[in-house]
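First up is the structure itself, then whatever we jot down about it.
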Amino acid sequence: TGRKLRVDTNKGRAGYRVYYAAYVLAGVAVLLYCINSLPGGLWRDISLFVTLIIIADFVQIPLPRGGSSISTSSAIDLAGIILFGPAVMVVVETISTLITEGLLQRRPLRKLVFNIPLLAVTVGSSGYVYRAFGDMGSPDSPMFLIPLLAAGVVYYMVNTWSISLVIALDSHRNPFYVWMQNYMWYFFHIFAFLPIGAVIALLYANTGMWTTALFIIPLFLA
């Protein structure tokens, strides 16, 4: 979607606490499954993509209502899904979030504990949708843009609605209005950022790791 979201809520009420706990458990389950499915021999690639996401997440822009923020690293997530699959990118997001939010930004533990499962569920669900298309997901053919579009829409919907619900439960607001106020406006950014993810993946696969450096400044400025 071009913009990855994170939640930053106040202390919640009963509905919020139940949702928070259930979401954290779901995210931990996704993370454990992905760790168990992690292919070997990719730690150099994982390290590079962790670095790229940390750079892209260095600047986060607060949204108008609800206390959440956006960044541009989802293009990198989608590129990694094309190249390595969902398991690798869930691990990449977990490591980069721990470094960015835990060590650099020093966010409260309550927020960090939610944001890691949030991104695991977001990246995992979109990645497994991409994989469900089978051979069509191979970047050897332009047809891979179809599963990429499907994965981008799932990424956007899971990410934005997960946060809208937790904000709505915490503030006793209508989740649809929360979503409209904060997130509906950039739905069409999918069509701008999906090609960036596709180009990153194609260059990485065909010309080597160094070409990803070409995208650091554009993503940082986006």
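Here's how to read the names in the structure tokens: chain A, B, ... by the order shown, residue numbers from 1 in each chain, ligand numbers from 1 in the order shown.
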All residues 9 Å or closer to stretch 146-160 of chain A, only C-alpha atoms, same chain fewer than 5 positions away omitted, as a PyMOL selection string:
chain A and resi 1-6+74+78+82+118-119+121-133+136-137+165+179+182-184+187+190-191+194+197-198
Would you mind writing down, as number ranges by chain, each residue of stretch 6-217 of chain A that DSSP on the backbone assigns to strand (DSSP E or B)?
A: 6, 61-62, 69-71
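Reported to one decimal place, the separation of atom CA of A:Leu98 from atom CA of A:Leu112 is 7.6 Å.
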With only C-alpha atoms as the counted atoms, please give the residues lying no more than 10 Å from A:Gly80, apart from itself and same-chain residues fewer than 6 positions off, as a PyMOL selection string.
chain A and resi 45-46+49+74+86-90+92+123+127+197-198+200-201+204
Written selection (N, CA and C atoms) as a PDB file, in the first residue's frame:
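Now in again00.pdb:
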ATOM      1  N   ASP A  45      20.250 -11.694   3.121  1.00  0.00           N
ATOM      2  CA  ASP A  45      19.098 -10.988   2.545  1.00  0.00           C
ATOM      3  C   ASP A  45      18.219 -10.411   3.648  1.00  0.00           C
ATOM      4  N   ILE A  46      18.035 -11.188   4.712  1.00  0.00           N
ATOM      5  CA  ILE A  46      17.230 -10.707   5.840  1.00  0.00           C
ATOM      6  C   ILE A  46      17.861  -9.463   6.439  1.00  0.00           C
ATOM      7  N   PHE A  49      17.213  -6.402   4.151  1.00  0.00           N
ATOM      8  CA  PHE A  49      15.847  -5.905   4.166  1.00  0.00           C
ATOM      9  C   PHE A  49      15.478  -5.318   5.520  1.00  0.00           C
ATOM     10  N   SER A  74       6.052  -0.412   3.296  1.00  0.00           N
ATOM     11  CA  SER A  74       5.286  -1.554   2.793  1.00  0.00           C
ATOM     12  C   SER A  74       5.700  -1.932   1.376  1.00  0.00           C
ATOM     13  N   PRO A  86       6.367 -15.074   2.513  1.00  0.00           N
ATOM     14  CA  PRO A  86       5.867 -14.391   3.711  1.00  0.00           C
ATOM     15  C   PRO A  86       6.646 -14.686   4.985  1.00  0.00           C
ATOM     16  N   ALA A  87       7.143 -15.914   5.137  1.00  0.00           N
ATOM     17  CA  ALA A  87       7.821 -16.271   6.389  1.00  0.00           C
ATOM     18  C   ALA A  87       9.033 -15.384   6.629  1.00  0.00           C
ATOM     19  N   VAL A  88       9.823 -15.170   5.581  1.00  0.00           N
ATOM     20  CA  VAL A  88      11.020 -14.334   5.709  1.00  0.00           C
ATOM     21  C   VAL A  88      10.643 -12.907   6.066  1.00  0.00           C
ATOM     22  N   MET A  89       9.624 -12.363   5.414  1.00  0.00           N
ATOM     23  CA  MET A  89       9.293 -10.965   5.640  1.00  0.00           C
ATOM     24  C   MET A  89       8.618 -10.741   6.989  1.00  0.00           C
ATOM     25  N   VAL A  90       7.915 -11.719   7.518  1.00  0.00           N
ATOM     26  CA  VAL A  90       7.390 -11.591   8.877  1.00  0.00           C
ATOM     27  C   VAL A  90       8.545 -11.499   9.871  1.00  0.00           C
ATOM     28  N   VAL A  92      11.588 -10.459   9.128  1.00  0.00           N
ATOM     29  CA  VAL A  92      12.228  -9.171   8.855  1.00  0.00           C
ATOM     30  C   VAL A  92      11.486  -8.047   9.566  1.00  0.00           C
ATOM     31  N   VAL A 123       1.734  -8.624   7.211  1.00  0.00           N
ATOM     32  CA  VAL A 123       2.660  -9.148   6.207  1.00  0.00           C
ATOM     33  C   VAL A 123       2.365 -10.622   5.924  1.00  0.00           C
ATOM     34  N   GLY A 127       1.221 -11.981   2.355  1.00  0.00           N
ATOM     35  CA  GLY A 127       2.192 -12.874   1.735  1.00  0.00           C
ATOM     36  C   GLY A 127       1.607 -14.221   1.351  1.00  0.00           C
ATOM     37  N   GLY A 197       7.411  -1.707  -5.353  1.00  0.00           N
ATOM     38  CA  GLY A 197       7.758  -3.015  -4.803  1.00  0.00           C
ATOM     39  C   GLY A 197       8.146  -3.998  -5.891  1.00  0.00           C
ATOM     40  N   ALA A 198       7.413  -3.971  -7.010  1.00  0.00           N
ATOM     41  CA  ALA A 198       7.715  -4.874  -8.115  1.00  0.00           C
ATOM     42  C   ALA A 198       9.094  -4.588  -8.702  1.00  0.00           C
ATOM     43  N   ILE A 200      11.681  -3.068  -7.230  1.00  0.00           N
ATOM     44  CA  ILE A 200      12.707  -3.466  -6.264  1.00  0.00           C
ATOM     45  C   ILE A 200      12.981  -4.966  -6.376  1.00  0.00           C
ATOM     46  N   ALA A 201      11.915  -5.767  -6.428  1.00  0.00           N
ATOM     47  CA  ALA A 201      12.076  -7.217  -6.509  1.00  0.00           C
ATOM     48  C   ALA A 201      12.763  -7.635  -7.802  1.00  0.00           C
ATOM     49  N   TYR A 204      16.455  -6.610  -7.731  1.00  0.00           N
ATOM     50  CA  TYR A 204      17.181  -7.429  -6.751  1.00  0.00           C
ATOM     51  C   TYR A 204      17.451  -8.818  -7.322  1.00  0.00           C
TER      52      TYR A 204
END
Shell of 8 Å around A:Leu31, only C-alpha atoms, local chain residues under 6 positions omitted, as a ChimeraX atom specification:
/A:90-91,117,120
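One distance worth recording is that between atom CA of A:Leu42 and atom CA of A:Ile116, which is 21.2 Å.
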What's the 12 Å shell around A:Arg17, counting only C-alpha atoms, without same-chain residues fewer than 2 positions away, as a tab-separated table (two decimals) with C-alpha atoms, in the first residue's frame?
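Below is the file that was written, selection_14.tsv:
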chain	number	residue	atom	x	y	z
A	9	THR	CA	-3.61	4.01	21.60
A	10	ASN	CA	-4.50	5.14	25.08
A	11	LYS	CA	-5.26	2.71	27.86
A	12	GLY	CA	-8.27	0.75	26.75
A	13	ARG	CA	-11.46	-0.54	28.25
A	14	ALA	CA	-12.72	-4.10	28.45
A	15	GLY	CA	-13.50	-4.51	24.74
A	19	TYR	CA	-9.24	-7.37	21.28
A	20	TYR	CA	-5.68	-6.40	22.18
A	21	ALA	CA	-5.00	-9.74	23.87
A	22	ALA	CA	-6.60	-11.79	21.07
A	23	TYR	CA	-4.68	-9.90	18.40
A	24	VAL	CA	-1.37	-10.34	20.21
A	110	ARG	CA	2.28	-1.85	25.46
A	114	PHE	CA	0.81	-4.80	19.80
A	165	LEU	CA	-10.92	-1.49	15.41
A	166	VAL	CA	-8.48	-1.08	18.27
A	167	ILE	CA	-8.83	2.73	18.15
A	169	LEU	CA	-12.80	0.09	20.93
A	170	ASP	CA	-10.50	2.27	22.96
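Around A:Ile53, within 8 Å and counting only C-alpha atoms, the residues found are Phe49, Asp57, Ser73, Ile76, Glu93 and Ser96 of chain A, once anything fewer than 4 positions away on its own chain is removed.
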Would you write out those residues with C-alpha atoms, as a tab-separated table (two decimals), in the first residue's frame?
chain	number	residue	atom	x	y	z
A	49	PHE	CA	15.85	-5.90	4.17
A	57	ASP	CA	10.54	3.70	9.04
A	73	SER	CA	8.15	0.61	4.02
A	76	ILE	CA	9.81	-3.13	0.72
A	93	GLU	CA	9.37	-6.97	10.13
A	96	SER	CA	13.11	-4.20	12.29
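The spacing separating atom CA of A:Ile55 from atom CA of A:Thr100 amounts to 9.1 Å.
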